[in-house]
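**Q** One file: work.json (JSON, C-alpha atoms and all ligand atoms).
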```json
[["chain", "number", "residue", "atom", "x", "y", "z"],
["A", 13, "MET", "CA", 2.37, -28.15, -32.68],
["A", 14, "SER", "CA", 2.69, -29.54, -29.15],
["A", 15, "PHE", "CA", 0.26, -28.48, -26.45],
["A", 16, "ILE", "CA", 1.48, -26.10, -23.75],
["A", 17, "SER", "CA", -0.87, -25.30, -20.90],
["A", 18, "ARG", "CA", -0.94, -21.66, -19.90],
["A", 19, "THR", "CA", -1.32, -22.71, -16.29],
["A", 20, "HIS", "CA", 1.67, -24.99, -15.86],
["A", 21, "PRO", "CA", 3.88, -23.94, -12.95],
["A", 22, "GLN", "CA", 7.18, -23.95, -14.81],
["A", 23, "GLN", "CA", 6.03, -20.81, -16.58],
["A", 24, "GLY", "CA", 6.25, -18.78, -13.38],
["A", 25, "PRO", "CA", 3.85, -16.22, -11.92],
["A", 26, "ASN", "CA", 1.27, -15.04, -14.41],
["A", 27, "GLU", "CA", -1.36, -12.49, -13.43],
["A", 28, "VAL", "CA", -3.83, -13.83, -15.99],
["A", 29, "VAL", "CA", -4.02, -17.25, -14.36],
["A", 30, "ASP", "CA", -3.09, -16.21, -10.81],
["A", 31, "ASP", "CA", -5.68, -13.49, -10.32],
["A", 32, "ARG", "CA", -8.86, -15.17, -11.52],
["A", 33, "GLN", "CA", -11.72, -14.57, -9.11],
["A", 34, "ILE", "CA", -14.60, -16.92, -8.42],
["A", 35, "THR", "CA", -17.98, -15.30, -9.05],
["A", 36, "ASP", "CA", -20.38, -14.54, -6.20],
["A", 37, "GLU", "CA", -22.82, -16.89, -7.91],
["A", 38, "ASP", "CA", -20.44, -19.79, -7.34],
["A", 39, "PHE", "CA", -19.00, -18.58, -4.05],
["A", 40, "VAL", "CA", -22.20, -17.88, -2.12],
["A", 41, "PRO", "CA", -23.42, -21.52, -2.02],
["A", 42, "LEU", "CA", -19.95, -22.62, -0.91],
["A", 43, "HIS", "CA", -19.88, -19.95, 1.80],
["A", 44, "ARG", "CA", -23.35, -20.99, 2.93],
["A", 45, "ARG", "CA", -22.18, -24.58, 3.20],
["A", 46, "PHE", "CA", -18.73, -24.06, 4.77],
["A", 47, "ARG", "CA", -19.15, -20.71, 6.63],
["A", 48, "PHE", "CA", -15.68, -19.39, 5.81],
["A", 49, "THR", "CA", -13.97, -16.86, 8.06],
["A", 50, "LEU", "CA", -10.89, -16.01, 5.99],
["A", 51, "ASP", "CA", -9.93, -15.69, 2.31],
["A", 52, "VAL", "CA", -6.22, -16.53, 2.35],
["A", 53, "ALA", "CA", -5.42, -15.81, -1.32],
["A", 54, "ALA", "CA", -6.77, -12.40, -2.15],
["A", 55, "SER", "CA", -6.19, -8.80, -2.96],
["A", 56, "ASP", "CA", -8.19, -5.72, -2.08],
["A", 57, "HIS", "CA", -10.06, -5.95, -5.39],
["A", 58, "ASN", "CA", -10.88, -9.68, -5.40],
["A", 59, "THR", "CA", -11.42, -10.79, -1.81],
["A", 60, "LYS", "CA", -14.52, -12.86, -1.25],
["A", 61, "LEU", "CA", -14.62, -12.21, 2.49],
["A", 62, "PRO", "CA", -14.21, -9.24, 4.83],
["A", 63, "ARG", "CA", -11.15, -10.88, 6.37],
["A", 64, "TYR", "CA", -8.39, -11.77, 3.93],
["A", 65, "TYR", "CA", -4.67, -12.06, 3.31],
["A", 66, "THR", "CA", -2.90, -10.52, 0.34],
["A", 67, "ILE", "CA", 0.46, -11.18, -1.22],
["A", 68, "GLY", "CA", 1.78, -8.39, 1.00],
["A", 69, "ASP", "CA", 0.73, -10.31, 4.11],
["A", 70, "ASP", "CA", 1.94, -13.59, 2.57],
["A", 71, "ALA", "CA", -0.68, -16.04, 3.76],
["A", 72, "LEU", "CA", 1.82, -18.87, 3.47],
["A", 73, "THR", "CA", 3.67, -17.50, 6.49],
["A", 74, "CYS", "CA", 0.58, -16.40, 8.44],
["A", 75, "CYS", "CA", -1.24, -18.51, 11.01],
["A", 76, "TRP", "CA", -4.50, -20.12, 9.83],
["A", 77, "LYS", "CA", -5.26, -21.51, 13.29],
["A", 78, "GLY", "CA", -8.92, -21.49, 14.22],
["A", 79, "GLU", "CA", -10.03, -20.26, 10.80],
["A", 80, "ARG", "CA", -12.45, -21.66, 8.26],
["A", 81, "VAL", "CA", -10.30, -21.01, 5.24],
["A", 82, "TRP", "CA", -11.33, -20.31, 1.67],
["A", 83, "CYS", "CA", -8.41, -20.67, -0.75],
["A", 84, "ASN", "CA", -8.45, -20.09, -4.50],
["A", 85, "PRO", "CA", -4.66, -19.91, -4.87],
["A", 86, "PRO", "CA", -2.47, -18.61, -7.70],
["A", 87, "TYR", "CA", -2.52, -21.51, -10.16],
["A", 88, "SER", "CA", 1.07, -20.91, -11.28],
["A", 89, "ASN", "CA", 2.37, -22.32, -7.99],
["A", 90, "ILE", "CA", -0.11, -24.52, -6.17],
["A", 91, "ARG", "CA", 2.20, -26.76, -4.12],
["A", 92, "PRO", "CA", 2.97, -24.35, -1.23],
["A", 93, "TRP", "CA", -0.74, -23.68, -0.72],
["A", 94, "VAL", "CA", -1.52, -27.36, -0.42],
["A", 95, "GLU", "CA", 1.49, -27.83, 1.88],
["A", 96, "LYS", "CA", 0.23, -25.01, 4.09],
["A", 97, "ALA", "CA", -3.30, -26.44, 4.22],
["A", 98, "MET", "CA", -1.85, -29.86, 4.99],
["A", 99, "GLN", "CA", -0.41, -28.45, 8.21],
["A", 100, "ARG", "CA", -4.06, -28.66, 9.28],
["A", 101, "GLU", "CA", -3.90, -25.61, 11.56],
["A", 102, "ALA", "CA", -7.21, -24.38, 10.22],
["A", 103, "VAL", "CA", -10.51, -25.75, 11.48],
["A", 104, "LEU", "CA", -11.27, -26.27, 7.81],
["A", 105, "ALA", "CA", -9.49, -25.40, 4.56],
["A", 106, "VAL", "CA", -11.29, -25.58, 1.23],
["A", 107, "LEU", "CA", -9.10, -25.14, -1.83],
["A", 108, "LEU", "CA", -10.44, -24.55, -5.33],
["A", 109, "LEU", "CA", -7.97, -26.27, -7.63],
["A", 110, "PRO", "CA", -7.68, -27.20, -11.29],
["A", 111, "ALA", "CA", -8.89, -30.75, -11.86],
["A", 112, "ASN", "CA", -6.68, -31.41, -14.88],
["A", 113, "ARG", "CA", -3.33, -31.68, -13.13],
["A", 114, "THR", "CA", -3.77, -34.75, -11.01],
["A", 115, "GLU", "CA", -0.67, -36.30, -12.56],
["A", 116, "GLN", "CA", 1.58, -33.53, -11.22],
["A", 117, "GLY", "CA", 3.83, -33.84, -8.20],
["A", 118, "TRP", "CA", 1.90, -31.55, -5.88],
["A", 119, "TRP", "CA", -1.25, -33.60, -6.39],
["A", 120, "GLN", "CA", 0.44, -37.00, -6.30],
["A", 121, "ASP", "CA", 2.66, -36.19, -3.29],
["A", 122, "LEU", "CA", 0.25, -34.16, -1.19],
["A", 123, "ILE", "CA", -3.36, -34.86, -2.13],
["A", 124, "GLU", "CA", -3.59, -38.31, -3.66],
["A", 125, "PRO", "CA", -2.39, -40.29, -0.60],
["A", 126, "GLY", "CA", -4.89, -38.51, 1.66],
["A", 127, "ARG", "CA", -7.66, -38.82, -0.91],
["A", 128, "ARG", "CA", -7.10, -42.58, -1.09],
["A", 129, "ALA", "CA", -6.87, -42.90, 2.69],
["A", 130, "GLY", "CA", -10.02, -40.85, 3.16],
["A", 131, "THR", "CA", -8.31, -38.06, 5.12],
["A", 132, "ILE", "CA", -8.73, -35.52, 2.32],
["A", 133, "CYS", "CA", -12.04, -35.06, 0.56],
["A", 134, "VAL", "CA", -12.02, -34.14, -3.14],
["A", 135, "GLU", "CA", -15.17, -33.04, -4.94],
["A", 136, "PHE", "CA", -14.92, -32.69, -8.73],
["A", 137, "LEU", "CA", -17.31, -29.97, -9.87],
["A", 138, "ALA", "CA", -19.52, -30.30, -12.92],
["A", 139, "GLY", "CA", -18.93, -28.17, -15.99],
["A", 140, "ARG", "CA", -16.41, -25.40, -16.40],
["A", 141, "MET", "CA", -16.53, -22.65, -13.82],
["A", 142, "ARG", "CA", -16.45, -19.08, -15.10],
["A", 143, "PHE", "CA", -14.01, -16.69, -13.47],
["A", 144, "ILE", "CA", -13.75, -12.92, -13.26],
["A", 145, "ALA", "CA", -10.53, -11.92, -15.01],
["A", 146, "ALA", "CA", -7.64, -10.19, -13.27],
["A", 147, "LYS", "CA", -8.48, -6.67, -12.08],
["A", 148, "ASP", "CA", -12.00, -6.94, -13.53],
["A", 149, "THR", "CA", -15.21, -6.78, -11.51],
["A", 150, "GLN", "CA", -17.59, -8.86, -13.56],
["A", 151, "ILE", "CA", -17.80, -11.81, -15.91],
["A", 152, "ARG", "CA", -17.01, -11.05, -19.54],
["A", 153, "PRO", "CA", -17.39, -13.33, -22.57],
["A", 154, "ASN", "CA", -14.91, -16.18, -22.85],
["A", 155, "GLN", "CA", -13.92, -16.18, -19.18],
["A", 156, "ARG", "CA", -14.23, -19.94, -18.85],
["A", 157, "PRO", "CA", -10.81, -21.61, -18.49],
["A", 158, "PRO", "CA", -10.34, -24.79, -20.52],
["A", 159, "PHE", "CA", -10.36, -27.07, -17.49],
["A", 160, "GLY", "CA", -12.68, -28.22, -14.75],
["A", 161, "VAL", "CA", -12.05, -27.52, -11.08],
["A", 162, "CYS", "CA", -12.36, -29.41, -7.84],
["A", 163, "LEU", "CA", -12.76, -28.64, -4.17],
["A", 164, "VAL", "CA", -10.08, -30.09, -1.91],
["A", 165, "ILE", "CA", -11.39, -30.15, 1.65],
["A", 166, "ILE", "CA", -8.88, -30.52, 4.45],
["A", 167, "GLU", "CA", -9.78, -30.73, 8.12],
["A", 168, "PRO", "CA", -7.75, -31.57, 11.23],
["A", 169, "SER", "CA", -7.03, -35.30, 11.52],
["B", 201, "LIG", "C1", -6.87, -16.88, -7.89],
["B", 201, "LIG", "S1", -6.82, -15.33, -7.04],
["B", 201, "LIG", "C2", -8.14, -15.53, -5.87],
["B", 201, "LIG", "C3", -9.14, -14.40, -5.98],
["B", 201, "LIG", "C4", -10.27, -14.46, -4.98],
["B", 201, "LIG", "N1", -9.82, -14.18, -3.65],
["B", 201, "LIG", "C5", -11.01, -15.78, -5.05],
["B", 201, "LIG", "O1", -11.07, -16.47, -4.03],
["B", 201, "LIG", "O2", -11.55, -16.12, -6.10],
["B", 201, "LIG", "C6", -5.37, -15.55, -6.01],
["B", 201, "LIG", "C7", -4.99, -14.30, -5.24],
["B", 201, "LIG", "O3", -3.95, -14.64, -4.30],
["B", 201, "LIG", "C8", -3.09, -13.53, -4.18],
["B", 201, "LIG", "N2", -1.82, -14.01, -3.61],
["B", 201, "LIG", "C9", -0.72, -14.45, -4.27],
["B", 201, "LIG", "N3", 0.23, -14.81, -3.40],
["B", 201, "LIG", "C10", -0.29, -14.62, -2.16],
["B", 201, "LIG", "C11", 0.22, -14.82, -0.85],
["B", 201, "LIG", "N4", 1.44, -15.30, -0.63],
["B", 201, "LIG", "N5", -0.59, -14.53, 0.22],
["B", 201, "LIG", "C12", -1.85, -14.06, 0.02],
["B", 201, "LIG", "N6", -2.38, -13.83, -1.22],
["B", 201, "LIG", "C13", -1.60, -14.12, -2.29],
["B", 201, "LIG", "C14", -2.98, -12.99, -5.59],
["B", 201, "LIG", "O4", -2.55, -11.66, -5.58],
["B", 201, "LIG", "C15", -4.43, -13.16, -6.08],
["B", 201, "LIG", "O5", -5.15, -11.99, -5.82]]
```
As a first step, turn the structure in this file into structure tokens.

**A**
Amino acid sequence: MSFISRTHPQQGPNEVVDDRQITDEDFVPLHRRFRFTLDVAASDHNTKLPRYYTIGDDALTCCWKGERVWCNPPYSNIRPWVEKAMQREAVLAVLLLPANRTEQGWWQDLIEPGRRAGTICVEFLAGRMRFIAAKDTQIRPNQRPPFGVCLVIIEPS
């Protein structure tokens, strides 16, 4: 049987993969380091910060100017989030992205050139991060996706 990833974009929006929330345990050290001001991909139940945008606001059409942006986007459609961050309106944008899709167009077109040129910083994180499942409030067993993640850090040129 051939392998089909549950997170590949051609499968369309999928709450299971689009609504995973980083744990406070993993988020707090990042927040301490980057001092975020805005969670741009959130809902009332999973925001990591007091200030956030939801799908109703549509962060992709909102202004990120002057913000220190935290972005754990819906993994079913990553490209528009990277494109938005690449506009470099934010003082800083840190995206938490799957590290197993570096062959895909959004990575190759948008991230790889900047990574090679040194204008985008990529940090591959050790191990497999656990996530809180959609609509849940805490970690349950088997909430570790089968891929590693990376931080993509984008700042004004
Ligand atoms: C992977 S979850 C992130 C959860 C949590 N905020 C975190 O940082 O771990 C992505 C969230 O983005 C929301 N979302 C999807 N499209 C959006 C949009 N256009 N603007 C803002 N939020 C959106 C989804 O509803 C979902 O809650």

**Q** Show me which residues are within 7 Å of ligand LIG 201 (chain B) counting only C-alpha atoms and all ligand atoms, and format the list as a list in words.

**A**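 So, counting only C-alpha atoms and all ligand atoms, the residues near ligand LIG 201 (chain B) are Asp30, Asp31, Arg32, Gln33, Ile34, Asp51, Val52, Ala53, Ala54, Ser55, Asn58, Thr59, Lys60, Tyr65, Thr66, Ile67, Gly68, Asp69, Asp70, Ala71, Leu72, Trp82, Cys83, Asn84, Pro85, Pro86 and Tyr87 of chain A.
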
**Q** What does the distance between CA of Leu122 (chain A) and CA of Gly24 (chain A) come to in Å, to one decimal place?

**A**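 Taking CA of Leu122 (chain A) and CA of Gly24 (chain A), their separation equals 20.5 Å.
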
**Q** Measuring between only C-alpha atoms, which one of A:Gly139, A:Pro110, A:Pro92, A:Pro41 shows the shortest distance to Cys162 (chain A)?

**A** A:Pro110

**Q** Would you mind reading off the distance between CA of Leu107 (chain A) and CA of Val94 (chain A), one decimal, in Å?

**A**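 Value for the CA of Leu107 (chain A)-CA of Val94 (chain A) distance: 8.0 Å.
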
**Q** Which residue, A:Glu79, A:Glu167, A:Arg140, A:Val106, has the smallest gap to Gln155 (chain A) when you use all atoms listed in the file?

**A**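 Using all atoms listed in the file, the shortest distance to Gln155 (chain A) belongs to A:Arg140.
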
**Q** So, with all atoms listed in the file as the atoms that count, which of A:Phe48, A:Phe39, A:Trp119, A:Phe143 lies closest to Phe159 (chain A)?

**A**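 Distance minimum relative to Phe159 (chain A) lands on A:Phe143.
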
**Q** Counting only C-alpha atoms, which of A:Asp56, A:Glu101, A:Glu27, A:Glu135 gets nearest to Asn89 (chain A)?

**A**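 Going through A:Asp56, A:Glu101, A:Glu27, A:Glu135 one by one, the smallest distance to Asn89 (chain A) is for A:Glu27.
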
**Q** Any chance you could model N, CA and C atoms for region 55-81 of chain A and send them as an mmCIF file, keeping the file's coordinate frame?

**A**
```cif
data_model
loop_
_atom_site.group_PDB
_atom_site.id
_atom_site.type_symbol
_atom_site.label_atom_id
_atom_site.label_comp_id
_atom_site.auth_asym_id
_atom_site.auth_seq_id
_atom_site.Cartn_x
_atom_site.Cartn_y
_atom_site.Cartn_z
ATOM 1 N N SER A 55 -6.706 -10.155 -2.890
ATOM 2 C CA SER A 55 -6.190 -8.800 -2.960
ATOM 3 C C SER A 55 -7.364 -7.893 -2.606
ATOM 4 N N ASP A 56 -7.105 -6.610 -2.471
ATOM 5 C CA ASP A 56 -8.190 -5.720 -2.080
ATOM 6 C C ASP A 56 -9.344 -5.773 -3.092
ATOM 7 N N HIS A 57 -9.022 -5.995 -4.360
ATOM 8 C CA HIS A 57 -10.060 -5.950 -5.390
ATOM 9 C C HIS A 57 -10.772 -7.286 -5.600
ATOM 10 N N ASN A 58 -10.214 -8.399 -5.084
ATOM 11 C CA ASN A 58 -10.880 -9.680 -5.400
ATOM 12 C C ASN A 58 -11.239 -10.531 -4.184
ATOM 13 N N THR A 59 -11.086 -9.959 -2.978
ATOM 14 C CA THR A 59 -11.420 -10.790 -1.810
ATOM 15 C C THR A 59 -12.892 -11.169 -1.811
ATOM 16 N N LYS A 60 -13.151 -12.382 -1.343
ATOM 17 C CA LYS A 60 -14.520 -12.860 -1.250
ATOM 18 C C LYS A 60 -15.081 -12.680 0.155
ATOM 19 N N LEU A 61 -14.211 -12.291 1.088
ATOM 20 C CA LEU A 61 -14.620 -12.210 2.490
ATOM 21 C C LEU A 61 -14.060 -10.935 3.113
ATOM 22 N N PRO A 62 -14.708 -10.457 4.170
ATOM 23 C CA PRO A 62 -14.210 -9.240 4.830
ATOM 24 C C PRO A 62 -12.799 -9.428 5.400
ATOM 25 N N ARG A 63 -12.489 -10.626 5.820
ATOM 26 C CA ARG A 63 -11.150 -10.880 6.370
ATOM 27 C C ARG A 63 -10.347 -11.660 5.331
ATOM 28 N N TYR A 64 -9.159 -11.150 5.007
ATOM 29 C CA TYR A 64 -8.390 -11.770 3.930
ATOM 30 C C TYR A 64 -6.905 -11.470 4.075
ATOM 31 N N TYR A 65 -6.107 -12.305 3.426
ATOM 32 C CA TYR A 65 -4.670 -12.060 3.310
ATOM 33 C C TYR A 65 -4.335 -11.769 1.860
ATOM 34 N N THR A 66 -3.393 -10.861 1.677
ATOM 35 C CA THR A 66 -2.900 -10.520 0.340
ATOM 36 C C THR A 66 -1.454 -10.991 0.207
ATOM 37 N N ILE A 67 -0.930 -10.806 -0.979
ATOM 38 C CA ILE A 67 0.460 -11.180 -1.220
ATOM 39 C C ILE A 67 1.394 -10.391 -0.292
ATOM 40 N N GLY A 68 0.983 -9.204 0.071
ATOM 41 C CA GLY A 68 1.780 -8.390 1.000
ATOM 42 C C GLY A 68 1.844 -8.995 2.388
ATOM 43 N N ASP A 69 0.732 -9.619 2.807
ATOM 44 C CA ASP A 69 0.730 -10.310 4.110
ATOM 45 C C ASP A 69 1.517 -11.621 4.014
ATOM 46 N N ASP A 70 1.439 -12.242 2.851
ATOM 47 C CA ASP A 70 1.940 -13.590 2.570
ATOM 48 C C ASP A 70 1.262 -14.627 3.486
ATOM 49 N N ALA A 71 0.120 -15.068 3.004
ATOM 50 C CA ALA A 71 -0.680 -16.040 3.760
ATOM 51 C C ALA A 71 0.070 -17.328 4.064
ATOM 52 N N LEU A 72 1.083 -17.608 3.259
ATOM 53 C CA LEU A 72 1.820 -18.870 3.470
ATOM 54 C C LEU A 72 2.655 -18.817 4.746
ATOM 55 N N THR A 73 2.908 -17.618 5.250
ATOM 56 C CA THR A 73 3.670 -17.500 6.490
ATOM 57 C C THR A 73 2.786 -17.050 7.658
ATOM 58 N N CYS A 74 1.503 -16.828 7.382
ATOM 59 C CA CYS A 74 0.580 -16.400 8.440
ATOM 60 C C CYS A 74 -0.043 -17.635 9.102
ATOM 61 N N CYS A 75 -0.594 -17.408 10.287
ATOM 62 C CA CYS A 75 -1.240 -18.510 11.010
ATOM 63 C C CYS A 75 -2.691 -18.648 10.557
ATOM 64 N N TRP A 76 -3.114 -19.855 10.238
ATOM 65 C CA TRP A 76 -4.500 -20.120 9.830
ATOM 66 C C TRP A 76 -5.276 -20.747 10.982
ATOM 67 N N LYS A 77 -4.657 -20.807 12.154
ATOM 68 C CA LYS A 77 -5.260 -21.510 13.290
ATOM 69 C C LYS A 77 -6.651 -20.966 13.625
ATOM 70 N N GLY A 78 -7.568 -21.876 13.795
ATOM 71 C CA GLY A 78 -8.920 -21.490 14.220
ATOM 72 C C GLY A 78 -9.795 -20.962 13.109
ATOM 73 N N GLU A 79 -9.268 -20.852 11.901
ATOM 74 C CA GLU A 79 -10.030 -20.260 10.800
ATOM 75 C C GLU A 79 -10.736 -21.316 9.966
ATOM 76 N N ARG A 80 -11.786 -20.858 9.295
ATOM 77 C CA ARG A 80 -12.450 -21.660 8.260
ATOM 78 C C ARG A 80 -12.041 -21.022 6.938
ATOM 79 N N VAL A 81 -11.061 -21.653 6.313
ATOM 80 C CA VAL A 81 -10.300 -21.010 5.240
ATOM 81 C C VAL A 81 -10.882 -21.297 3.850
#
```
